[in-house]
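Novice: Sharing start-v4.pdb (PDB, C-alpha atoms) below.
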```pdb
MODEL        1
ATOM      1  CA  MET P   1       5.854 -28.193 -36.992
ATOM      2  CA  LYS P   2       8.925 -25.999 -36.443
ATOM      3  CA  ASN P   3       6.640 -22.989 -35.932
ATOM      4  CA  ILE P   4       4.630 -24.829 -33.292
ATOM      5  CA  LEU P   5       7.792 -25.914 -31.458
ATOM      6  CA  PHE P   6       9.180 -22.375 -31.677
ATOM      7  CA  LEU P   7       5.968 -20.887 -30.244
ATOM      8  CA  LEU P   8       5.845 -23.473 -27.478
ATOM      9  CA  ALA P   9       9.479 -22.769 -26.525
ATOM     10  CA  PHE P  10       8.828 -19.016 -26.689
ATOM     11  CA  PHE P  11       5.879 -19.233 -24.275
ATOM     12  CA  ILE P  12       7.776 -21.457 -21.838
ATOM     13  CA  VAL P  13      10.787 -19.125 -21.788
ATOM     14  CA  THR P  14       8.628 -15.994 -21.533
ATOM     15  CA  ASP P  15       6.625 -17.486 -18.672
ATOM     16  CA  SER P  16       9.798 -18.557 -16.853
ATOM     17  CA  PHE P  17      11.356 -15.097 -17.054
ATOM     18  CA  GLY P  18       8.153 -13.481 -15.805
ATOM     19  CA  GLN P  19       7.925 -15.623 -12.664
ATOM     20  CA  GLY P  20      10.022 -13.269 -10.521
ATOM     21  CA  ARG P  21       7.784 -10.299 -11.303
ATOM     22  CA  GLN P  22       4.324 -11.724 -10.791
ATOM     23  CA  ARG P  23       2.191 -10.012  -8.196
ATOM     24  CA  LYS P  24       1.580 -12.136  -5.128
ATOM     25  CA  SER P  25      -0.730  -9.757  -3.232
ATOM     26  CA  PRO P  26      -3.811  -7.697  -4.046
ATOM     27  CA  HIS P  27      -3.114  -4.071  -4.954
ATOM     28  CA  ASP P  28      -4.885  -0.844  -4.174
ATOM     29  CA  THR P  29      -4.802   2.799  -5.178
ATOM     30  CA  LEU P  30      -5.437   5.397  -2.517
ATOM     31  CA  THR P  31      -6.613   8.625  -4.126
ATOM     32  CA  TYR P  32      -6.730  11.815  -2.093
ATOM     33  CA  ALA P  33      -7.036  15.531  -2.912
ATOM     34  CA  ASN P  34      -3.369  16.064  -3.780
ATOM     35  CA  GLY P  35      -2.402  12.737  -5.322
ATOM     36  CA  GLU P  36      -2.380   8.981  -4.961
ATOM     37  CA  VAL P  37      -0.562   6.021  -3.467
ATOM     38  CA  ILE P  38      -0.320   2.715  -5.355
ATOM     39  CA  TYR P  39       0.726  -0.278  -3.273
ATOM     40  CA  GLY P  40       0.542  -4.028  -2.734
ATOM     41  CA  ARG P  41      -1.615  -5.062   0.248
ATOM     42  CA  PRO P  42      -0.230  -8.231   1.825
ATOM     43  CA  HIS P  43      -2.106 -10.043   4.593
ATOM     44  CA  LYS P  44      -0.672 -10.848   7.997
ATOM     45  CA  SER P  45      -1.824 -14.474   7.661
ATOM     46  CA  ASP P  46      -0.704 -15.508  11.178
ATOM     47  CA  ARG P  47       2.850 -14.283  10.481
ATOM     48  CA  GLU P  48       4.987 -12.120  12.721
ATOM     49  CA  ILE P  49       5.374  -8.934  10.671
ATOM     50  CA  PHE P  50       7.660  -6.243  12.108
ATOM     51  CA  GLY P  51      11.023  -7.520  13.261
ATOM     52  CA  ALA P  52      10.521 -10.791  11.342
ATOM     53  CA  LEU P  53       8.947 -10.604   7.853
ATOM     54  CA  VAL P  54       9.805  -6.886   7.714
ATOM     55  CA  LYS P  55      13.227  -6.912   9.342
ATOM     56  CA  PHE P  56      14.190  -4.043  11.612
ATOM     57  CA  GLY P  57      17.047  -1.972  10.222
ATOM     58  CA  GLU P  58      16.479  -3.026   6.589
ATOM     59  CA  VAL P  59      14.798  -0.946   3.896
ATOM     60  CA  TRP P  60      11.249  -2.147   3.123
ATOM     61  CA  ARG P  61       9.106  -1.296   0.078
ATOM     62  CA  VAL P  62       6.038  -0.446   2.257
ATOM     63  CA  GLY P  63       3.884  -3.087   0.631
ATOM     64  CA  ALA P  64       4.263  -6.133  -1.554
ATOM     65  CA  ASP P  65       5.584  -6.803  -5.052
ATOM     66  CA  GLU P  66       6.765  -3.666  -6.867
ATOM     67  CA  ALA P  67       7.774  -0.767  -4.648
ATOM     68  CA  THR P  68       4.979   1.525  -3.465
ATOM     69  CA  THR P  69       4.623   4.812  -5.324
ATOM     70  CA  ILE P  70       3.261   8.093  -4.036
ATOM     71  CA  SER P  71       2.283  11.010  -6.267
ATOM     72  CA  PHE P  72       1.759  14.660  -5.384
ATOM     73  CA  LYS P  73      -0.156  16.988  -7.747
ATOM     74  CA  THR P  74       1.373  20.083  -6.129
ATOM     75  CA  ASP P  75       4.495  20.859  -4.133
ATOM     76  CA  THR P  76       4.007  19.236  -0.733
ATOM     77  CA  LYS P  77       5.551  19.117   2.701
ATOM     78  CA  PHE P  78       6.040  15.444   3.574
ATOM     79  CA  GLY P  79       6.728  15.252   7.303
ATOM     80  CA  GLY P  80       8.074  18.794   7.119
ATOM     81  CA  GLU P  81      10.328  18.163   4.091
ATOM     82  CA  SER P  82       9.564  20.169   0.919
ATOM     83  CA  ILE P  83       8.792  17.819  -1.971
ATOM     84  CA  PRO P  84       8.229  19.000  -5.577
ATOM     85  CA  ALA P  85       5.071  17.805  -7.335
ATOM     86  CA  GLY P  86       5.720  14.421  -8.951
ATOM     87  CA  THR P  87       5.773  10.671  -8.379
ATOM     88  CA  TYR P  88       8.179   8.934  -6.027
ATOM     89  CA  THR P  89       8.940   5.491  -4.661
ATOM     90  CA  LEU P  90       8.148   5.099  -0.944
ATOM     91  CA  PHE P  91      10.401   3.030   1.296
ATOM     92  CA  ALA P  92      10.699   2.664   5.075
ATOM     93  CA  LEU P  93      13.507   1.798   7.430
ATOM     94  CA  THR P  94      11.636   0.284  10.372
ATOM     95  CA  ASN P  95      12.374  -0.370  14.018
ATOM     96  CA  GLU P  96      10.232  -0.867  17.137
ATOM     97  CA  THR P  97       9.855   2.774  18.120
ATOM     98  CA  GLU P  98      10.192   4.794  14.890
ATOM     99  CA  TRP P  99      10.298   4.526  11.130
ATOM    100  CA  THR P 100      12.322   6.533   8.674
ATOM    101  CA  LEU P 101      10.199   7.026   5.565
ATOM    102  CA  ILE P 102      12.166   7.544   2.372
ATOM    103  CA  LEU P 103      11.028   9.157  -0.880
ATOM    104  CA  ASN P 104      13.170   8.113  -3.841
ATOM    105  CA  SER P 105      12.952   9.480  -7.382
ATOM    106  CA  GLN P 106      13.808   6.160  -9.100
ATOM    107  CA  LEU P 107      10.531   4.655 -10.312
ATOM    108  CA  GLY P 108       9.938   1.098 -11.502
ATOM    109  CA  GLN P 109      11.769  -0.666  -8.671
ATOM    110  CA  TRP P 110      10.666  -4.187  -7.772
ATOM    111  CA  GLY P 111      10.520  -4.495  -4.019
ATOM    112  CA  SER P 112      13.489  -2.946  -2.278
ATOM    113  CA  PHE P 113      16.025  -5.186  -3.985
ATOM    114  CA  SER P 114      17.628  -2.373  -6.008
ATOM    115  CA  TYR P 115      17.284   0.332  -3.356
ATOM    116  CA  GLU P 116      20.996   0.276  -2.461
ATOM    117  CA  LYS P 117      22.066   1.056  -6.024
ATOM    118  CA  ASN P 118      19.454   3.846  -6.239
ATOM    119  CA  LYS P 119      19.754   5.369  -2.753
ATOM    120  CA  GLU P 120      21.564   8.413  -4.159
ATOM    121  CA  LYS P 121      18.180   9.317  -5.660
ATOM    122  CA  ASP P 122      16.598   9.774  -2.216
ATOM    123  CA  ILE P 123      14.912  13.165  -2.047
ATOM    124  CA  ALA P 124      13.683  13.010   1.548
ATOM    125  CA  LYS P 125      13.994  10.986   4.751
ATOM    126  CA  VAL P 126      11.458  11.644   7.497
ATOM    127  CA  THR P 127      11.417   9.948  10.902
ATOM    128  CA  VAL P 128       8.052   9.328  12.568
ATOM    129  CA  PRO P 129       7.121   7.535  15.811
ATOM    130  CA  VAL P 130       5.462   4.116  15.872
ATOM    131  CA  GLU P 131       2.071   3.822  17.543
ATOM    132  CA  LYS P 132       1.177   0.375  18.917
ATOM    133  CA  LEU P 133      -2.420  -0.692  18.301
ATOM    134  CA  ASP P 134      -4.602  -2.840  20.534
ATOM    135  CA  ASN P 135      -6.247  -4.543  17.562
ATOM    136  CA  VAL P 136      -4.548  -6.375  14.705
ATOM    137  CA  ILE P 137      -4.826  -4.897  11.202
ATOM    138  CA  GLU P 138      -4.865  -8.048   9.041
ATOM    139  CA  GLN P 139      -4.073  -6.407   5.693
ATOM    140  CA  LEU P 140      -1.553  -3.633   5.120
ATOM    141  CA  THR P 141      -3.535  -0.407   4.802
ATOM    142  CA  ILE P 142      -2.455   3.039   3.665
ATOM    143  CA  ARG P 143      -5.057   5.762   4.111
ATOM    144  CA  PHE P 144      -5.312   9.524   4.160
ATOM    145  CA  ASP P 145      -6.569  11.125   7.374
ATOM    146  CA  ALA P 146      -8.112  14.318   5.938
ATOM    147  CA  GLU P 147      -9.062  15.724   9.335
ATOM    148  CA  ASN P 148      -5.430  15.754  10.486
ATOM    149  CA  SER P 149      -3.818  15.929   7.013
ATOM    150  CA  LYS P 150      -1.731  12.799   7.529
ATOM    151  CA  LEU P 151      -0.819   9.764   5.483
ATOM    152  CA  VAL P 152      -1.369   6.727   7.726
ATOM    153  CA  ILE P 153       0.262   3.302   7.307
ATOM    154  CA  GLU P 154      -1.186   0.440   9.407
ATOM    155  CA  TRP P 155      -0.413  -3.256   9.590
ATOM    156  CA  ASP P 156      -0.457  -5.865  12.332
ATOM    157  CA  THR P 157      -0.380  -3.832  15.572
ATOM    158  CA  THR P 158       1.655  -0.948  14.125
ATOM    159  CA  ARG P 159       0.623   2.495  12.882
ATOM    160  CA  VAL P 160       2.740   5.384  11.627
ATOM    161  CA  SER P 161       1.412   8.764  10.495
ATOM    162  CA  ILE P 162       3.200  11.245   8.234
ATOM    163  CA  PRO P 163       2.026  14.884   8.264
ATOM    164  CA  LEU P 164       1.298  16.281   4.792
ATOM    165  CA  THR P 165       0.925  19.974   3.960
ATOM    166  CA  PHE P 166      -0.207  21.039   0.483
TER
ENDMDL
END
```
In structure tokens, how does this file's structure come out?
Specialist:
Amino acid sequence: MKNILFLLAFFIVTDSFGQGRQRKSPHDTLTYANGEVIYGRPHKSDREIFGALVKFGEVWRVGADEATTISFKTDTKFGGESIPAGTYTLFALTNETEWTLILNSQLGQWGSFSYEKNKEKDIAKVTVPVEKLDNVIEQLTIRFDAENSKLVIEWDTTRVSIPLTF
């Protein structure tokens, strides 16, 4: 009986501690010639996104749940900044007209909650203009534009593109 009670208590406690880290959104892996991006893909779901859900002037994880990661198989220029081959966490500081995209070497971050204590591990900050779209993109999408060699982030009526050179 004690074993059953112990196991029951163990599962309740384990489940309670895990609640803050459960994924709430579907996830995707974008694979391209020089690497991959792994990210949560939240839906707009009739919400105001930029300036509301994603607050202007605050660091955002560029996705949902754990922070988005981007990997490069070879040394890469990310928006003109030289980046060594490896895996990085991708964040963005958003506003209406431009985003500052941040590559950070601290992996395993949940959301952007611990960004402030890890910001000294930033390896690059690149500012790119915002393009307003006529149509709404319902689900956050990150894609690689091979023709123009750009990483493209789209959601709601917003698009940003980051030049990549391998």
Novice: Report as an NGL selection string the residues that result from applying the PyMOL selection byres ((chain P and resi 100) around 7) to the structure here.
Specialist: :P and (92-94 or 98-99 or 101-102 or 125-128)
Novice: Quick one: residues within 9 Å of P:Thr97, only C-alpha atoms counted, chain neighbours fewer than 4 positions away excluded, as a PyMOL selection string?
Specialist: chain P and resi 128-131
Novice: So which one's closest to P:Val62, P:Ile123, P:Ser112, P:Ser25, P:Glu147? Using only C-alpha atoms, please.
Specialist: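 Checking each of P:Ile123, P:Ser112, P:Ser25, P:Glu147 against P:Val62, counting only C-alpha atoms, the winner is P:Ser112.
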Novice: Take the PyMOL selection byres ((chain P and resi 109) around 12), run it mentally on this structure, and tell me the resulting residues as a list in words.
Specialist: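 In the shown coordinates, the PyMOL selection byres ((chain P and resi 109) around 12) covers Arg21, Trp60, Arg61, Ala64, Asp65, Glu66, Ala67, Thr68, Thr69, Tyr88, Thr89, Leu90, Phe91, Asn104, Ser105, Gln106, Leu107, Gly108, Trp110, Gly111, Ser112, Phe113, Ser114, Tyr115, Glu116, Lys117, Asn118 and Lys119 of chain P.
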Novice: Now that the selection is made, can you save its residues with C-alpha atoms as an mmCIF file, keeping the file's coordinate frame?
Specialist:
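Resulting contents of selection.cif:
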```cif
data_model
loop_
_atom_site.group_PDB
_atom_site.id
_atom_site.type_symbol
_atom_site.label_atom_id
_atom_site.label_comp_id
_atom_site.auth_asym_id
_atom_site.auth_seq_id
_atom_site.Cartn_x
_atom_site.Cartn_y
_atom_site.Cartn_z
ATOM 1 C CA ARG P 21 7.784 -10.299 -11.303
ATOM 2 C CA TRP P 60 11.249 -2.147 3.123
ATOM 3 C CA ARG P 61 9.106 -1.296 0.078
ATOM 4 C CA ALA P 64 4.263 -6.133 -1.554
ATOM 5 C CA ASP P 65 5.584 -6.803 -5.052
ATOM 6 C CA GLU P 66 6.765 -3.666 -6.867
ATOM 7 C CA ALA P 67 7.774 -0.767 -4.648
ATOM 8 C CA THR P 68 4.979 1.525 -3.465
ATOM 9 C CA THR P 69 4.623 4.812 -5.324
ATOM 10 C CA TYR P 88 8.179 8.934 -6.027
ATOM 11 C CA THR P 89 8.940 5.491 -4.661
ATOM 12 C CA LEU P 90 8.148 5.099 -0.944
ATOM 13 C CA PHE P 91 10.401 3.030 1.296
ATOM 14 C CA ASN P 104 13.170 8.113 -3.841
ATOM 15 C CA SER P 105 12.952 9.480 -7.382
ATOM 16 C CA GLN P 106 13.808 6.160 -9.100
ATOM 17 C CA LEU P 107 10.531 4.655 -10.312
ATOM 18 C CA GLY P 108 9.938 1.098 -11.502
ATOM 19 C CA TRP P 110 10.666 -4.187 -7.772
ATOM 20 C CA GLY P 111 10.520 -4.495 -4.019
ATOM 21 C CA SER P 112 13.489 -2.946 -2.278
ATOM 22 C CA PHE P 113 16.025 -5.186 -3.985
ATOM 23 C CA SER P 114 17.628 -2.373 -6.008
ATOM 24 C CA TYR P 115 17.284 0.332 -3.356
ATOM 25 C CA GLU P 116 20.996 0.276 -2.461
ATOM 26 C CA LYS P 117 22.066 1.056 -6.024
ATOM 27 C CA ASN P 118 19.454 3.846 -6.239
ATOM 28 C CA LYS P 119 19.754 5.369 -2.753
#
```
Novice: Pull out every residue that the PyMOL selection byres ((chain P and resi 42) around 12) matches in the shown coordinates and put them as a PyMOL selection string.
Specialist: chain P and resi 23-28+39-41+43-47+49+53-54+61-65+137-142+154-156
Novice: Would you mind putting back N, CA and C atoms on stretch 87-110 of chain P, then writing it out as a PDB file, in the frame of the given file?
Specialist:
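That gives us out_20.pdb:
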```pdb
ATOM      1  N   THR P  87       5.994  12.037  -8.866  1.00  0.00           N
ATOM      2  CA  THR P  87       5.773  10.671  -8.379  1.00  0.00           C
ATOM      3  C   THR P  87       7.087  10.120  -7.859  1.00  0.00           C
ATOM      4  N   TYR P  88       7.002   9.446  -6.710  1.00  0.00           N
ATOM      5  CA  TYR P  88       8.179   8.934  -6.027  1.00  0.00           C
ATOM      6  C   TYR P  88       7.929   7.514  -5.532  1.00  0.00           C
ATOM      7  N   THR P  89       9.013   6.799  -5.285  1.00  0.00           N
ATOM      8  CA  THR P  89       8.940   5.491  -4.661  1.00  0.00           C
ATOM      9  C   THR P  89       9.043   5.699  -3.150  1.00  0.00           C
ATOM     10  N   LEU P  90       8.195   4.975  -2.396  1.00  0.00           N
ATOM     11  CA  LEU P  90       8.148   5.099  -0.944  1.00  0.00           C
ATOM     12  C   LEU P  90       8.758   3.862  -0.299  1.00  0.00           C
ATOM     13  N   PHE P  91       9.769   4.092   0.534  1.00  0.00           N
ATOM     14  CA  PHE P  91      10.401   3.030   1.296  1.00  0.00           C
ATOM     15  C   PHE P  91      10.346   3.390   2.775  1.00  0.00           C
ATOM     16  N   ALA P  92      10.614   2.406   3.636  1.00  0.00           N
ATOM     17  CA  ALA P  92      10.699   2.664   5.075  1.00  0.00           C
ATOM     18  C   ALA P  92      11.841   1.857   5.671  1.00  0.00           C
ATOM     19  N   LEU P  93      12.524   2.469   6.600  1.00  0.00           N
ATOM     20  CA  LEU P  93      13.507   1.798   7.430  1.00  0.00           C
ATOM     21  C   LEU P  93      12.837   1.687   8.788  1.00  0.00           C
ATOM     22  N   THR P  94      12.476   0.472   9.187  1.00  0.00           N
ATOM     23  CA  THR P  94      11.636   0.284  10.372  1.00  0.00           C
ATOM     24  C   THR P  94      12.450  -0.142  11.591  1.00  0.00           C
ATOM     25  N   ASN P  95      11.932   0.231  12.761  1.00  0.00           N
ATOM     26  CA  ASN P  95      12.374  -0.370  14.018  1.00  0.00           C
ATOM     27  C   ASN P  95      11.191  -0.315  14.979  1.00  0.00           C
ATOM     28  N   GLU P  96      11.360  -0.748  16.201  1.00  0.00           N
ATOM     29  CA  GLU P  96      10.232  -0.867  17.137  1.00  0.00           C
ATOM     30  C   GLU P  96       9.600   0.461  17.514  1.00  0.00           C
ATOM     31  N   THR P  97      10.375   1.513  17.591  1.00  0.00           N
ATOM     32  CA  THR P  97       9.855   2.774  18.120  1.00  0.00           C
ATOM     33  C   THR P  97       9.665   3.876  17.086  1.00  0.00           C
ATOM     34  N   GLU P  98      10.340   3.773  15.928  1.00  0.00           N
ATOM     35  CA  GLU P  98      10.192   4.794  14.890  1.00  0.00           C
ATOM     36  C   GLU P  98      10.524   4.222  13.522  1.00  0.00           C
ATOM     37  N   TRP P  99       9.981   4.867  12.510  1.00  0.00           N
ATOM     38  CA  TRP P  99      10.298   4.526  11.130  1.00  0.00           C
ATOM     39  C   TRP P  99      10.913   5.737  10.467  1.00  0.00           C
ATOM     40  N   THR P 100      11.837   5.491   9.565  1.00  0.00           N
ATOM     41  CA  THR P 100      12.322   6.533   8.674  1.00  0.00           C
ATOM     42  C   THR P 100      11.704   6.255   7.312  1.00  0.00           C
ATOM     43  N   LEU P 101      10.843   7.161   6.879  1.00  0.00           N
ATOM     44  CA  LEU P 101      10.199   7.026   5.565  1.00  0.00           C
ATOM     45  C   LEU P 101      11.068   7.728   4.534  1.00  0.00           C
ATOM     46  N   ILE P 102      11.249   7.074   3.404  1.00  0.00           N
ATOM     47  CA  ILE P 102      12.166   7.544   2.372  1.00  0.00           C
ATOM     48  C   ILE P 102      11.393   7.746   1.076  1.00  0.00           C
ATOM     49  N   LEU P 103      11.542   8.912   0.463  1.00  0.00           N
ATOM     50  CA  LEU P 103      11.028   9.157  -0.880  1.00  0.00           C
ATOM     51  C   LEU P 103      12.219   9.119  -1.825  1.00  0.00           C
ATOM     52  N   ASN P 104      12.089   8.329  -2.884  1.00  0.00           N
ATOM     53  CA  ASN P 104      13.170   8.113  -3.841  1.00  0.00           C
ATOM     54  C   ASN P 104      12.639   8.402  -5.238  1.00  0.00           C
ATOM     55  N   SER P 105      13.428   9.073  -6.053  1.00  0.00           N
ATOM     56  CA  SER P 105      12.952   9.480  -7.382  1.00  0.00           C
ATOM     57  C   SER P 105      13.058   8.386  -8.439  1.00  0.00           C
ATOM     58  N   GLN P 106      13.683   7.244  -8.124  1.00  0.00           N
ATOM     59  CA  GLN P 106      13.808   6.160  -9.100  1.00  0.00           C
ATOM     60  C   GLN P 106      12.525   5.329  -9.110  1.00  0.00           C
ATOM     61  N   LEU P 107      11.774   5.424 -10.188  1.00  0.00           N
ATOM     62  CA  LEU P 107      10.531   4.655 -10.312  1.00  0.00           C
ATOM     63  C   LEU P 107      10.812   3.294 -10.930  1.00  0.00           C
ATOM     64  N   GLY P 108       9.838   2.397 -10.853  1.00  0.00           N
ATOM     65  CA  GLY P 108       9.938   1.098 -11.502  1.00  0.00           C
ATOM     66  C   GLY P 108      10.766   0.076 -10.742  1.00  0.00           C
ATOM     67  N   GLN P 109      10.988   0.289  -9.457  1.00  0.00           N
ATOM     68  CA  GLN P 109      11.769  -0.666  -8.671  1.00  0.00           C
ATOM     69  C   GLN P 109      10.871  -1.819  -8.214  1.00  0.00           C
ATOM     70  N   TRP P 110      11.401  -3.021  -8.260  1.00  0.00           N
ATOM     71  CA  TRP P 110      10.666  -4.187  -7.772  1.00  0.00           C
ATOM     72  C   TRP P 110      11.115  -4.439  -6.341  1.00  0.00           C
TER      73      TRP P 110
END
```
